[in-house]
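*Asks:* You'll find query-v4.cif just under this line, and it carries mmCIF, C-alpha atoms and all ligand atoms.
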```cif
data_my_file
#
loop_
_atom_site.group_PDB
_atom_site.id
_atom_site.type_symbol
_atom_site.label_atom_id
_atom_site.label_comp_id
_atom_site.auth_asym_id
_atom_site.auth_seq_id
_atom_site.Cartn_x
_atom_site.Cartn_y
_atom_site.Cartn_z
ATOM 1 C CA MET H 1 6.519 -19.508 -8.495
ATOM 2 C CA PRO H 2 10.286 -19.248 -7.745
ATOM 3 C CA ALA H 3 11.359 -17.649 -4.457
ATOM 4 C CA LEU H 4 11.818 -13.901 -4.618
ATOM 5 C CA ASP H 5 15.609 -14.156 -4.298
ATOM 6 C CA ASP H 6 15.933 -16.700 -7.105
ATOM 7 C CA ARG H 7 14.779 -15.032 -10.291
ATOM 8 C CA ASP H 8 16.256 -13.848 -13.543
ATOM 9 C CA GLY H 9 16.623 -10.205 -14.482
ATOM 10 C CA VAL H 10 17.984 -7.191 -12.644
ATOM 11 C CA ILE H 11 17.336 -5.138 -9.535
ATOM 12 C CA TRP H 12 18.313 -1.475 -9.249
ATOM 13 C CA LEU H 13 20.527 -1.171 -6.172
ATOM 14 C CA ASP H 14 22.160 2.059 -5.017
ATOM 15 C CA GLY H 15 22.332 3.530 -8.490
ATOM 16 C CA ALA H 16 23.186 0.496 -10.630
ATOM 17 C CA PHE H 17 21.440 -2.495 -12.131
ATOM 18 C CA VAL H 18 22.712 -5.702 -10.538
ATOM 19 C CA PRO H 19 21.814 -9.318 -11.377
ATOM 20 C CA TRP H 20 18.636 -10.218 -9.436
ATOM 21 C CA ARG H 21 20.291 -12.944 -7.335
ATOM 22 C CA ASP H 22 23.172 -10.642 -6.317
ATOM 23 C CA ALA H 23 20.975 -7.987 -4.644
ATOM 24 C CA ARG H 24 21.830 -9.192 -1.113
ATOM 25 C CA LEU H 25 22.246 -7.692 2.374
ATOM 26 C CA HIS H 26 24.640 -8.464 5.197
ATOM 27 C CA VAL H 27 23.124 -10.039 8.354
ATOM 28 C CA LEU H 28 24.361 -7.057 10.391
ATOM 29 C CA THR H 29 22.142 -4.588 8.575
ATOM 30 C CA HIS H 30 20.821 -1.825 10.824
ATOM 31 C CA GLY H 31 17.419 -1.820 9.120
ATOM 32 C CA LEU H 32 16.963 -5.542 9.815
ATOM 33 C CA HIS H 33 17.781 -5.268 13.531
ATOM 34 C CA TYR H 34 16.083 -1.980 14.396
ATOM 35 C CA GLY H 35 13.395 -1.662 11.735
ATOM 36 C CA GLY H 36 15.003 1.299 9.955
ATOM 37 C CA GLY H 37 13.417 0.755 6.586
ATOM 38 C CA VAL H 38 10.722 2.339 4.443
ATOM 39 C CA PHE H 39 9.149 1.057 1.282
ATOM 40 C CA GLU H 40 6.554 1.619 -1.411
ATOM 41 C CA GLY H 41 4.213 -0.540 -3.453
ATOM 42 C CA GLU H 42 3.466 0.635 -6.986
ATOM 43 C CA ARG H 43 1.467 -0.820 -9.847
ATOM 44 C CA VAL H 44 2.393 -0.962 -13.494
ATOM 45 C CA TYR H 45 -0.546 -0.814 -15.892
ATOM 46 C CA ASP H 46 0.103 -1.164 -19.612
ATOM 47 C CA GLY H 47 3.823 -0.559 -19.036
ATOM 48 C CA ARG H 48 3.421 2.630 -16.969
ATOM 49 C CA VAL H 49 3.611 3.137 -13.222
ATOM 50 C CA PHE H 50 0.427 4.682 -11.846
ATOM 51 C CA LYS H 51 1.137 7.849 -9.786
ATOM 52 C CA LEU H 52 4.862 7.103 -9.813
ATOM 53 C CA THR H 53 6.023 10.486 -8.569
ATOM 54 C CA GLU H 54 3.513 10.492 -5.708
ATOM 55 C CA HIS H 55 4.866 7.143 -4.539
ATOM 56 C CA THR H 56 8.489 8.268 -4.840
ATOM 57 C CA GLU H 57 7.697 11.449 -2.931
ATOM 58 C CA ARG H 58 6.056 9.363 -0.208
ATOM 59 C CA LEU H 59 9.158 7.156 -0.012
ATOM 60 C CA HIS H 60 11.215 10.286 0.649
ATOM 61 C CA ALA H 61 8.679 11.569 3.181
ATOM 62 C CA SER H 62 8.606 8.200 4.989
ATOM 63 C CA ALA H 63 12.410 8.227 5.275
ATOM 64 C CA ARG H 64 12.311 11.769 6.690
ATOM 65 C CA GLU H 65 9.771 10.596 9.305
ATOM 66 C CA LEU H 66 12.310 7.951 10.344
ATOM 67 C CA GLY H 67 15.103 10.520 10.461
ATOM 68 C CA PHE H 68 17.079 9.644 7.378
ATOM 69 C CA ALA H 69 17.450 11.057 3.884
ATOM 70 C CA ILE H 70 17.330 9.033 0.694
ATOM 71 C CA PRO H 71 20.526 9.682 -1.291
ATOM 72 C CA PHE H 72 18.730 9.857 -4.677
ATOM 73 C CA SER H 73 16.319 12.584 -5.729
ATOM 74 C CA VAL H 74 12.691 11.901 -6.584
ATOM 75 C CA ALA H 75 13.495 12.556 -10.259
ATOM 76 C CA GLU H 76 16.431 10.115 -10.189
ATOM 77 C CA LEU H 77 14.323 7.375 -8.593
ATOM 78 C CA ASP H 78 11.456 7.998 -11.035
ATOM 79 C CA GLU H 79 13.847 7.687 -13.948
ATOM 80 C CA ALA H 80 15.425 4.529 -12.506
ATOM 81 C CA THR H 81 11.958 3.021 -11.979
ATOM 82 C CA ARG H 82 10.918 3.677 -15.566
ATOM 83 C CA ALA H 83 14.180 2.233 -16.869
ATOM 84 C CA LEU H 84 13.818 -0.854 -14.666
ATOM 85 C CA VAL H 85 10.225 -1.525 -15.724
ATOM 86 C CA GLN H 86 11.246 -1.224 -19.354
ATOM 87 C CA ARG H 87 14.331 -3.398 -18.927
ATOM 88 C CA GLN H 88 12.361 -6.118 -17.121
ATOM 89 C CA GLY H 89 9.659 -5.980 -19.793
ATOM 90 C CA ILE H 90 6.889 -5.538 -17.218
ATOM 91 C CA VAL H 91 3.508 -4.677 -18.735
ATOM 92 C CA ASN H 92 1.207 -5.288 -15.771
ATOM 93 C CA GLY H 93 3.183 -5.616 -12.613
ATOM 94 C CA TYR H 94 4.286 -4.418 -9.249
ATOM 95 C CA VAL H 95 7.208 -2.214 -8.225
ATOM 96 C CA ARG H 96 8.776 -2.428 -4.779
ATOM 97 C CA PRO H 97 11.080 0.473 -3.850
ATOM 98 C CA VAL H 98 12.793 0.054 -0.472
ATOM 99 C CA ALA H 99 15.285 2.173 1.490
ATOM 100 C CA TRP H 100 17.093 1.106 4.661
ATOM 101 C CA ARG H 101 19.895 1.861 7.060
ATOM 102 C CA GLY H 102 22.832 -0.352 6.150
ATOM 103 C CA SER H 103 25.543 -2.418 7.855
ATOM 104 C CA GLU H 104 28.123 0.348 8.307
ATOM 105 C CA HIS H 105 27.025 0.832 11.894
ATOM 106 C CA ILE H 106 25.078 -1.202 14.437
ATOM 107 C CA GLY H 107 23.366 0.151 17.561
ATOM 108 C CA VAL H 108 20.105 1.842 18.403
ATOM 109 C CA ALA H 109 21.291 5.244 17.162
ATOM 110 C CA GLY H 110 20.491 5.627 13.496
ATOM 111 C CA ALA H 111 23.122 8.202 12.609
ATOM 112 C CA GLY H 112 26.217 6.636 11.089
ATOM 113 C CA ALA H 113 24.449 3.993 9.061
ATOM 114 C CA PHE H 114 24.464 4.694 5.326
ATOM 115 C CA VAL H 115 21.151 4.665 3.542
ATOM 116 C CA HIS H 116 20.667 2.194 0.730
ATOM 117 C CA VAL H 117 17.925 2.071 -1.875
ATOM 118 C CA ALA H 118 16.664 -0.685 -4.133
ATOM 119 C CA LEU H 119 13.943 -1.000 -6.761
ATOM 120 C CA ALA H 120 12.526 -4.315 -7.930
ATOM 121 C CA THR H 121 9.663 -5.125 -10.280
ATOM 122 C CA TRP H 122 7.835 -8.280 -11.222
ATOM 123 C CA GLU H 123 4.647 -9.460 -12.903
ATOM 124 C CA TRP H 124 1.548 -8.756 -10.857
ATOM 125 C CA PRO H 125 0.105 -11.656 -8.825
ATOM 126 C CA HIS H 126 -3.493 -11.419 -7.527
ATOM 127 C CA VAL H 127 -3.957 -10.464 -3.852
ATOM 128 C CA PHE H 128 -7.171 -12.422 -3.328
ATOM 129 C CA ALA H 129 -9.101 -15.191 -5.115
ATOM 130 C CA ALA H 130 -10.001 -14.568 -8.769
ATOM 131 C CA ASP H 131 -13.690 -13.856 -7.977
ATOM 132 C CA ALA H 132 -12.961 -11.549 -4.993
ATOM 133 C CA LYS H 133 -13.776 -8.383 -6.948
ATOM 134 C CA GLU H 134 -17.278 -9.661 -7.770
ATOM 135 C CA ARG H 135 -18.097 -11.392 -4.478
ATOM 136 C CA GLY H 136 -16.266 -9.204 -1.988
ATOM 137 C CA ILE H 137 -13.943 -10.351 0.780
ATOM 138 C CA ARG H 138 -14.564 -11.142 4.439
ATOM 139 C CA LEU H 139 -12.872 -9.142 7.204
ATOM 140 C CA GLY H 140 -12.513 -10.041 10.861
ATOM 141 C CA THR H 141 -11.747 -7.388 13.456
ATOM 142 C CA SER H 142 -8.241 -7.799 14.818
ATOM 143 C CA ARG H 143 -7.126 -7.517 18.408
ATOM 144 C CA TRP H 144 -4.156 -5.509 17.086
ATOM 145 C CA ARG H 145 -4.573 -1.757 16.773
ATOM 146 C CA ARG H 146 -3.044 1.148 14.897
ATOM 147 C CA PRO H 147 -0.847 3.081 17.327
ATOM 148 C CA ALA H 148 -1.045 6.728 18.374
ATOM 149 C CA PRO H 149 0.966 9.361 16.460
ATOM 150 C CA ASP H 150 3.142 9.904 19.551
ATOM 151 C CA THR H 151 3.901 6.176 19.771
ATOM 152 C CA ALA H 152 5.020 5.375 16.226
ATOM 153 C CA PRO H 153 5.769 7.210 12.958
ATOM 154 C CA VAL H 154 2.225 6.602 11.731
ATOM 155 C CA ARG H 155 2.488 8.700 8.573
ATOM 156 C CA ALA H 156 5.469 6.738 7.270
ATOM 157 C CA LYS H 157 5.197 3.610 5.189
ATOM 158 C CA ALA H 158 7.711 2.137 7.599
ATOM 159 C CA ALA H 159 8.653 -1.534 7.623
ATOM 160 C CA SER H 160 8.547 -1.599 11.430
ATOM 161 C CA LEU H 161 4.837 -0.698 11.469
ATOM 162 C CA TYR H 162 4.024 -3.732 9.352
ATOM 163 C CA ASN H 163 4.600 -6.099 12.284
ATOM 164 C CA ILE H 164 1.112 -5.079 13.400
ATOM 165 C CA CYS H 165 -0.295 -5.832 9.960
ATOM 166 C CA THR H 166 1.467 -9.198 9.690
ATOM 167 C CA LEU H 167 0.194 -10.302 13.110
ATOM 168 C CA ALA H 168 -3.331 -9.176 12.219
ATOM 169 C CA ARG H 169 -3.263 -10.754 8.762
ATOM 170 C CA ASP H 170 -1.921 -14.097 10.009
ATOM 171 C CA ALA H 171 -4.620 -14.245 12.698
ATOM 172 C CA ALA H 172 -7.298 -13.370 10.111
ATOM 173 C CA ASP H 173 -6.038 -16.155 7.828
ATOM 174 C CA ARG H 174 -6.087 -18.640 10.713
ATOM 175 C CA ASP H 175 -9.652 -17.600 11.597
ATOM 176 C CA GLY H 176 -10.852 -18.099 8.006
ATOM 177 C CA PHE H 177 -11.133 -14.431 7.003
ATOM 178 C CA ASP H 178 -9.588 -12.859 3.918
ATOM 179 C CA ASP H 179 -8.140 -9.880 5.791
ATOM 180 C CA ALA H 180 -8.334 -8.059 9.107
ATOM 181 C CA LEU H 181 -9.984 -4.803 10.118
ATOM 182 C CA LEU H 182 -7.794 -2.877 12.539
ATOM 183 C CA LEU H 183 -9.190 -0.404 15.022
ATOM 184 C CA ASP H 184 -7.004 2.469 16.177
ATOM 185 C CA TYR H 185 -5.597 3.107 19.660
ATOM 186 C CA ARG H 186 -8.848 4.915 20.616
ATOM 187 C CA GLY H 187 -11.046 2.057 19.403
ATOM 188 C CA HIS H 188 -12.191 3.780 16.202
ATOM 189 C CA VAL H 189 -12.406 1.889 12.919
ATOM 190 C CA ALA H 190 -9.096 2.418 11.102
ATOM 191 C CA GLU H 191 -8.090 0.304 8.080
ATOM 192 C CA ALA H 192 -7.201 -3.156 6.795
ATOM 193 C CA THR H 193 -3.674 -4.629 6.820
ATOM 194 C CA GLY H 194 -2.693 -3.081 3.480
ATOM 195 C CA ALA H 195 -5.587 -0.859 2.460
ATOM 196 C CA ASN H 196 -7.886 1.954 3.584
ATOM 197 C CA LEU H 197 -11.560 1.460 4.356
ATOM 198 C CA PHE H 198 -14.729 3.037 2.969
ATOM 199 C CA LEU H 199 -18.340 2.443 4.010
ATOM 200 C CA VAL H 200 -21.503 3.494 2.195
ATOM 201 C CA ALA H 201 -24.864 4.456 3.741
ATOM 202 C CA GLY H 202 -27.705 5.857 1.653
ATOM 203 C CA GLY H 203 -25.335 6.664 -1.231
ATOM 204 C CA THR H 204 -22.906 8.652 0.985
ATOM 205 C CA LEU H 205 -19.309 7.521 1.434
ATOM 206 C CA HIS H 206 -17.872 7.448 4.930
ATOM 207 C CA THR H 207 -14.171 6.911 5.549
ATOM 208 C CA PRO H 208 -12.171 7.115 8.773
ATOM 209 C CA THR H 209 -10.121 10.279 9.323
ATOM 210 C CA ALA H 210 -6.545 9.280 8.538
ATOM 211 C CA ASP H 211 -4.939 10.753 11.659
ATOM 212 C CA CYS H 212 -3.011 7.677 12.818
ATOM 213 C CA PHE H 213 -2.545 5.547 9.701
ATOM 214 C CA LEU H 214 -1.475 5.899 6.100
ATOM 215 C CA ALA H 215 -3.725 8.204 4.062
ATOM 216 C CA GLY H 216 -3.293 6.067 0.969
ATOM 217 C CA ILE H 217 -2.689 7.375 -2.529
ATOM 218 C CA THR H 218 -5.583 5.188 -3.712
ATOM 219 C CA ARG H 219 -7.798 6.565 -0.927
ATOM 220 C CA GLN H 220 -7.166 10.091 -2.231
ATOM 221 C CA THR H 221 -7.738 8.969 -5.829
ATOM 222 C CA VAL H 222 -11.089 7.447 -4.828
ATOM 223 C CA LEU H 223 -12.040 10.608 -2.913
ATOM 224 C CA ASP H 224 -11.290 12.593 -6.091
ATOM 225 C CA LEU H 225 -13.304 10.148 -8.227
ATOM 226 C CA ALA H 226 -16.209 10.394 -5.777
ATOM 227 C CA GLY H 227 -16.086 14.171 -6.276
ATOM 228 C CA ASP H 228 -16.169 13.715 -10.057
ATOM 229 C CA LEU H 229 -19.126 11.313 -9.787
ATOM 230 C CA GLY H 230 -21.052 13.571 -7.386
ATOM 231 C CA ILE H 231 -20.913 11.039 -4.540
ATOM 232 C CA PRO H 232 -21.007 12.821 -1.162
ATOM 233 C CA VAL H 233 -18.119 11.974 1.201
ATOM 234 C CA VAL H 234 -17.774 12.256 4.964
ATOM 235 C CA GLU H 235 -14.361 11.818 6.579
ATOM 236 C CA ARG H 236 -14.877 11.226 10.277
ATOM 237 C CA HIS H 237 -14.198 8.939 13.205
ATOM 238 C CA ILE H 238 -16.295 5.788 12.882
ATOM 239 C CA ALA H 239 -17.153 3.602 15.863
ATOM 240 C CA PRO H 240 -17.235 -0.203 15.445
ATOM 241 C CA GLU H 241 -20.800 -0.153 16.823
ATOM 242 C CA GLU H 242 -21.832 1.665 13.621
ATOM 243 C CA LEU H 243 -20.648 -1.073 11.270
ATOM 244 C CA GLY H 244 -24.117 -2.662 11.103
ATOM 245 C CA ARG H 245 -25.636 0.558 9.752
ATOM 246 C CA PHE H 246 -23.882 0.569 6.364
ATOM 247 C CA ASP H 247 -25.041 -0.983 3.061
ATOM 248 C CA GLU H 248 -21.702 -1.296 1.280
ATOM 249 C CA CYS H 249 -18.062 -1.510 2.231
ATOM 250 C CA PHE H 250 -14.823 -1.554 0.252
ATOM 251 C CA LEU H 251 -11.071 -1.240 0.662
ATOM 252 C CA THR H 252 -8.667 0.885 -1.370
ATOM 253 C CA GLY H 253 -4.977 0.388 -1.961
ATOM 254 C CA THR H 254 -2.389 0.173 -4.691
ATOM 255 C CA ALA H 255 -2.453 -3.617 -4.477
ATOM 256 C CA TYR H 256 -6.149 -4.043 -3.596
ATOM 257 C CA GLU H 257 -7.401 -1.325 -6.000
ATOM 258 C CA VAL H 258 -11.109 -0.883 -5.116
ATOM 259 C CA GLN H 259 -11.853 -4.153 -3.345
ATOM 260 C CA PRO H 260 -15.452 -4.828 -2.258
ATOM 261 C CA VAL H 261 -15.976 -6.243 1.254
ATOM 262 C CA ARG H 262 -18.913 -8.590 1.788
ATOM 263 C CA SER H 263 -18.672 -8.834 5.558
ATOM 264 C CA ILE H 264 -16.940 -7.510 8.650
ATOM 265 C CA ASP H 265 -17.406 -10.045 11.433
ATOM 266 C CA ALA H 266 -21.198 -10.708 11.427
ATOM 267 C CA HIS H 267 -22.120 -7.544 9.474
ATOM 268 C CA GLU H 268 -22.924 -8.204 5.829
ATOM 269 C CA TYR H 269 -22.669 -5.798 2.889
ATOM 270 C CA ARG H 270 -23.646 -5.967 -0.730
ATOM 271 C CA VAL H 271 -21.429 -5.116 -3.660
ATOM 272 C CA GLY H 272 -23.679 -2.189 -4.510
ATOM 273 C CA ARG H 273 -23.943 0.675 -6.945
ATOM 274 C CA THR H 274 -21.549 3.086 -5.252
ATOM 275 C CA THR H 275 -18.795 0.503 -4.856
ATOM 276 C CA THR H 276 -19.205 -0.709 -8.430
ATOM 277 C CA ALA H 277 -19.199 2.827 -9.865
ATOM 278 C CA LEU H 278 -15.982 3.709 -8.027
ATOM 279 C CA ALA H 279 -14.310 0.377 -8.854
ATOM 280 C CA GLU H 280 -15.086 0.886 -12.540
ATOM 281 C CA ALA H 281 -13.946 4.515 -12.506
ATOM 282 C CA TYR H 282 -10.679 3.501 -10.818
ATOM 283 C CA ALA H 283 -10.084 0.652 -13.279
ATOM 284 C CA ARG H 284 -10.594 3.100 -16.163
ATOM 285 C CA LEU H 285 -8.334 5.744 -14.643
ATOM 286 C CA VAL H 286 -5.296 3.519 -14.052
ATOM 287 C CA ARG H 287 -5.221 2.550 -17.723
ATOM 288 C CA SER H 288 -6.361 5.842 -19.239
ATOM 289 C CA ALA H 289 -4.115 8.239 -21.116
ATOM 290 C CA ASP H 290 -5.003 10.966 -18.620
ATOM 291 C CA ARG H 291 -3.613 9.712 -15.327
ATOM 292 C CA GLY H 292 -2.480 13.121 -14.148
ATOM 293 C CA ALA H 293 0.856 14.853 -14.445
ATOM 294 C CA ALA H 294 2.695 12.287 -12.348
ATOM 295 C CA ALA H 295 1.552 9.458 -14.550
ATOM 296 C CA ARG H 296 2.227 11.364 -17.765
ATOM 297 C CA ALA H 297 5.795 11.919 -16.597
ATOM 298 C CA ALA H 298 6.065 8.148 -16.216
ATOM 299 C CA VAL H 299 5.704 7.485 -19.932
ATOM 300 C CA SER H 300 8.957 6.103 -21.275
ATOM 301 C CA PRO H 301 10.549 8.384 -23.874
HETATM 302 C C1 LIG H 401 -1.334 -0.278 5.987
HETATM 303 C C2 LIG H 401 -1.734 0.319 4.672
HETATM 304 N N1 LIG H 401 -2.751 1.205 4.629
HETATM 305 C C3 LIG H 401 -3.156 1.758 3.477
HETATM 306 C C4 LIG H 401 -2.543 1.448 2.282
HETATM 307 C C5 LIG H 401 -3.031 2.062 1.022
HETATM 308 O O1 LIG H 401 -2.072 2.927 0.498
HETATM 309 P P1 LIG H 401 -1.953 3.210 -1.076
HETATM 310 O O2 LIG H 401 -3.317 3.490 -1.566
HETATM 311 O O3 LIG H 401 -1.074 4.395 -1.136
HETATM 312 O O4 LIG H 401 -1.375 1.982 -1.679
HETATM 313 C C6 LIG H 401 -1.479 0.546 2.276
HETATM 314 C C7 LIG H 401 -0.796 0.195 1.044
HETATM 315 O O5 LIG H 401 0.245 0.708 0.766
HETATM 316 C C8 LIG H 401 -1.062 -0.030 3.495
HETATM 317 O O6 LIG H 401 -0.060 -0.904 3.537
#
```
Represent the structure from my file as structure tokens, please.
*Replies:*
Amino acid sequence: MPALDDRDGVIWLDGAFVPWRDARLHVLTHGLHYGGGVFEGERVYDGRVFKLTEHTERLHASARELGFAIPFSVAELDEATRALVQRQGIVNGYVRPVAWRGSEHIGVAGAGAFVHVALATWEWPHVFAADAKERGIRLGTSRWRRPAPDTAPVRAKAASLYNICTLARDAADRDGFDDALLLDYRGHVAEATGANLFLVAGGTLHTPTADCFLAGITRQTVLDLAGDLGIPVVERHIAPEELGRFDECFLTGTAYEVQPVRSIDAHEYRVGRTTTALAEAYARLVRSADRGAAARAAVSP
């Protein structure tokens, strides 16, 4: 696969389509030095972006958390995304919106740097091995933790927070796991490096209270699907000592979808009925005609 900066097509940058290879930054970009960047990850199914407006709204909200405003409205970015997906001919793919403080100013203070926005889309590559959805993946608990809400902008999908995820993921890869489980600053079970966590005991779903990490759009979709399917849900703090008491475990995320987990450290889980029912319901929803108002708005005219 060619490097991400060496492809054909276009990228939407600050309001215009530019040739893919020309979408470049200067080395003195504020966002690069001080982490002033926010981004999104979106999926295209059958030519339409799933929950597009929710993602664009979260991009705006993430920027606000970091103290800057995105100079394009949600409607403008939604429209640009749909046009880009169509222009690139993406049927099943990924969209990466990103916004950052630019090179007009350097220094710790954020004010004075202009905000730039880009949208890129490409064909979807798989996150894990081809049989991962059937077999489940293996997680190892990381020594890295999700920080407290008064330590970092935990509700933002902020580039700077992903250092923790990259360190955890690289260590998990080195240790032979597929991904890492991160605890939070209090020692509670939190999430994986790019997805939220669910556990199942006796047919009831348990998921950590999202008070110091991203409450994912997929997490909410799965909570709604659980409601539709009559699956009871408990959102609460979960201690790592409890991990041996659950029958099933899965992750949720735009990229991961509903991804079964077959082990966390020495605790083993089966890909059971609850996980399978939710994975199937999610797979149906993302491709169905009725994906909610946000998705309906994403249909190209
Ligand atoms: C750290 C982290 N947690 C959770 C999620 C799940 O969020 P969503 O379902 O909105 O993709 C993601 C993915 O964006 C993530 O990177």
*Asks:* Which polymer residues, protein or nucleic acid, are no farther than 6 Å from (16.9, -3.3, -5.8), counting only C-alpha atoms, as number ranges by chain?
*Replies:* H: 11-13, 118-120
*Asks:* Next, dump the selected residues to file, keeping only C-alpha atoms, as a short mmCIF file (atom, residue, chain, number, x, y, z; two decimals), in the coordinates of the input.
*Replies:*
```
data_model
loop_
_atom_site.label_atom_id
_atom_site.label_comp_id
_atom_site.auth_asym_id
_atom_site.auth_seq_id
_atom_site.Cartn_x
_atom_site.Cartn_y
_atom_site.Cartn_z
CA ILE H 11 17.34 -5.14 -9.54
CA TRP H 12 18.31 -1.48 -9.25
CA LEU H 13 20.53 -1.17 -6.17
CA ALA H 118 16.66 -0.68 -4.13
CA LEU H 119 13.94 -1.00 -6.76
CA ALA H 120 12.53 -4.32 -7.93
#
```
*Asks:* Just say which residues the PyMOL selection byres (((chain H and resi 265) around 12) and not hetatm) picks in this file, as a list in words.
*Replies:*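 Checked against the file, the PyMOL selection byres (((chain H and resi 265) around 12) and not hetatm) matches Ile137, Arg138, Leu139, Gly140, Thr141, Ser142, Ala172, Asp175, Gly176, Phe177, Asp178, Asp179, Ala180, Leu181, Pro240, Glu241, Leu243, Gly244, Val261, Arg262, Ser263, Ile264, Ala266, His267, Glu268 and Tyr269 of chain H.
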*Asks:* As a quick test: using all atoms listed in the file, which residues lie no more than 6 Å away from ligand LIG 401 (chain H)? Give them as a list of chain:residue names.
*Replies:*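 Written in the requested form, the residues are H:Gly41, H:Thr193, H:Gly194, H:Ala195, H:Asn196, H:Leu214, H:Gly216, H:Ile217, H:Thr218, H:Arg219, H:Thr252, H:Gly253, H:Thr254.
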*Asks:* Would you mind exporting C-alpha atoms of the selected residues as a PDB file, keeping the file's coordinate frame?
*Replies:*
```pdb
ATOM      1  CA  GLY H  41       4.213  -0.540  -3.453  1.00  0.00           C
ATOM      2  CA  THR H 193      -3.674  -4.629   6.820  1.00  0.00           C
ATOM      3  CA  GLY H 194      -2.693  -3.081   3.480  1.00  0.00           C
ATOM      4  CA  ALA H 195      -5.587  -0.859   2.460  1.00  0.00           C
ATOM      5  CA  ASN H 196      -7.886   1.954   3.584  1.00  0.00           C
ATOM      6  CA  LEU H 214      -1.475   5.899   6.100  1.00  0.00           C
ATOM      7  CA  GLY H 216      -3.293   6.067   0.969  1.00  0.00           C
ATOM      8  CA  ILE H 217      -2.689   7.375  -2.529  1.00  0.00           C
ATOM      9  CA  THR H 218      -5.583   5.188  -3.712  1.00  0.00           C
ATOM     10  CA  ARG H 219      -7.798   6.565  -0.927  1.00  0.00           C
ATOM     11  CA  THR H 252      -8.667   0.885  -1.370  1.00  0.00           C
ATOM     12  CA  GLY H 253      -4.977   0.388  -1.961  1.00  0.00           C
ATOM     13  CA  THR H 254      -2.389   0.173  -4.691  1.00  0.00           C
TER      14      THR H 254
END
```
*Asks:* Could you state the separation of CA of Tyr45 in chain H and CA of Glu57 in chain H in Å, given to one decimal place?
*Replies:*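 Here the two named atoms are 19.7 Å from each other.
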*Asks:* Measuring between only C-alpha atoms, which one of H:Ala226, H:Val108, H:Ile238, H:Ala255 shows the shortest distance to Leu278 in chain H?
*Replies:*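 Of the candidates, the smallest distance to Leu278 in chain H is held by H:Ala226.
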*Asks:* Given the PyMOL selection byres (((chain H and resi 66) around 9) and not hetatm) and the file above, list the residues it selects as a ChimeraX atom specification.
*Replies:* /H:36-38,61-65,67-69,153,156,158
*Asks:* Kindly save the residues from that selection, with C-alpha atoms included, as a CSV table (one decimal), in the coordinates of the input.
*Replies:*
```csv
chain,number,residue,atom,x,y,z
H,36,GLY,CA,15.0,1.3,10.0
H,37,GLY,CA,13.4,0.8,6.6
H,38,VAL,CA,10.7,2.3,4.4
H,61,ALA,CA,8.7,11.6,3.2
H,62,SER,CA,8.6,8.2,5.0
H,63,ALA,CA,12.4,8.2,5.3
H,64,ARG,CA,12.3,11.8,6.7
H,65,GLU,CA,9.8,10.6,9.3
H,67,GLY,CA,15.1,10.5,10.5
H,68,PHE,CA,17.1,9.6,7.4
H,69,ALA,CA,17.4,11.1,3.9
H,153,PRO,CA,5.8,7.2,13.0
H,156,ALA,CA,5.5,6.7,7.3
H,158,ALA,CA,7.7,2.1,7.6
```
*Asks:* In Å to one decimal, how far is CA of Gly110 in chain H from CA of Val95 in chain H?
*Replies:*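 Going from CA of Val95 in chain H over to CA of Gly110 in chain H covers 26.6 Å.
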*Asks:* List, as a PyMOL selection string, every residue that the PyMOL selection byres (((chain H and resi 101-103) around 9) and not hetatm) selects in the file provided.
*Replies:* chain H and resi 25-32+35-37+68+99-100+104-106+110+112-116
*Asks:* Taking (-11.5, 12.0, 19.0) in the file's own coordinates, collect the residues within 9 Å, counting all atoms listed in the file, and hand them back as a ChimeraX atom specification.
*Replies:* /H:186,188,237
*Asks:* Can you write just those residues out, C-alpha atoms, as a compact mmCIF listing (two decimals), in the coordinates of the input?
*Replies:*
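part.txt, freshly written:
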```
# COMPACT_ATOMS: atom_id res chain seq x y z
CA ARG H 186 -8.85 4.92 20.62
CA HIS H 188 -12.19 3.78 16.20
CA HIS H 237 -14.20 8.94 13.20
```
*Asks:* Go through range 180-200 of chain H and flag each residue having an atom no more than 8 Å from range 144-147 of chain H; for those, report the closest pair of atoms plus their distance in Å to one decimal, using only C-alpha atoms, ordered by chain and rising number, as CSV.
*Replies:*
```
residue,atom,partner,partner_atom,distance
H:Leu182,CA,H:Arg145,CA,5.4
H:Leu183,CA,H:Arg145,CA,5.1
H:Asp184,CA,H:Arg146,CA,4.4
H:Tyr185,CA,H:Pro147,CA,5.3
H:Gly187,CA,H:Arg145,CA,8.0
H:Ala190,CA,H:Arg146,CA,7.3
```
*Asks:* Set the distance at 12 Å and use only C-alpha atoms: which residues neighbour Val271 in chain H once local chain neighbours fewer than 4 positions away are removed? I'd like the list as a list in words.
*Replies:*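 The neighbour list is Ala132, Lys133, Glu134, Arg135, Gly136, Ile137, Leu199, Val200, Phe246, Asp247, Glu248, Cys249, Phe250, Leu251, Val258, Gln259, Pro260, Val261, Arg262, Ser263, Thr275, Thr276, Ala277, Leu278 and Ala279 of chain H.
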*Asks:* Figure out the distance between CA of Arg58 in chain H and CA of Lys157 in chain H, please, to one decimal in Å.
*Replies:* 7.9 Å
*Asks:* May I ask which of the residues H:Arg7, H:Val44, H:Asn163, H:Tyr94 is the closest one to Pro19 in chain H, counting all atoms listed in the file?
*Replies:*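 Nearest to Pro19 in chain H: H:Arg7.
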*Asks:* Quick one: residues within 12 Å of Glu123 in chain H, only C-alpha atoms, excluding same-chain residues fewer than 3 positions away - as a ChimeraX atom specification?
*Replies:* /H:1,4,7,42-47,85,88-96,120,126
*Asks:* Using all atoms listed in the file, which residue out of H:Ala75, H:Leu84, H:Val98, H:Val234 lies closest to Arg48 in chain H?
*Replies:* H:Leu84
*Asks:* If we count all atoms listed in the file, what is near Pro149 in chain H at a cut-off of 9 Å, once residues fewer than 6 positions away on the same chain are taken out, given as a ChimeraX atom specification?
*Replies:* /H:155,211-213
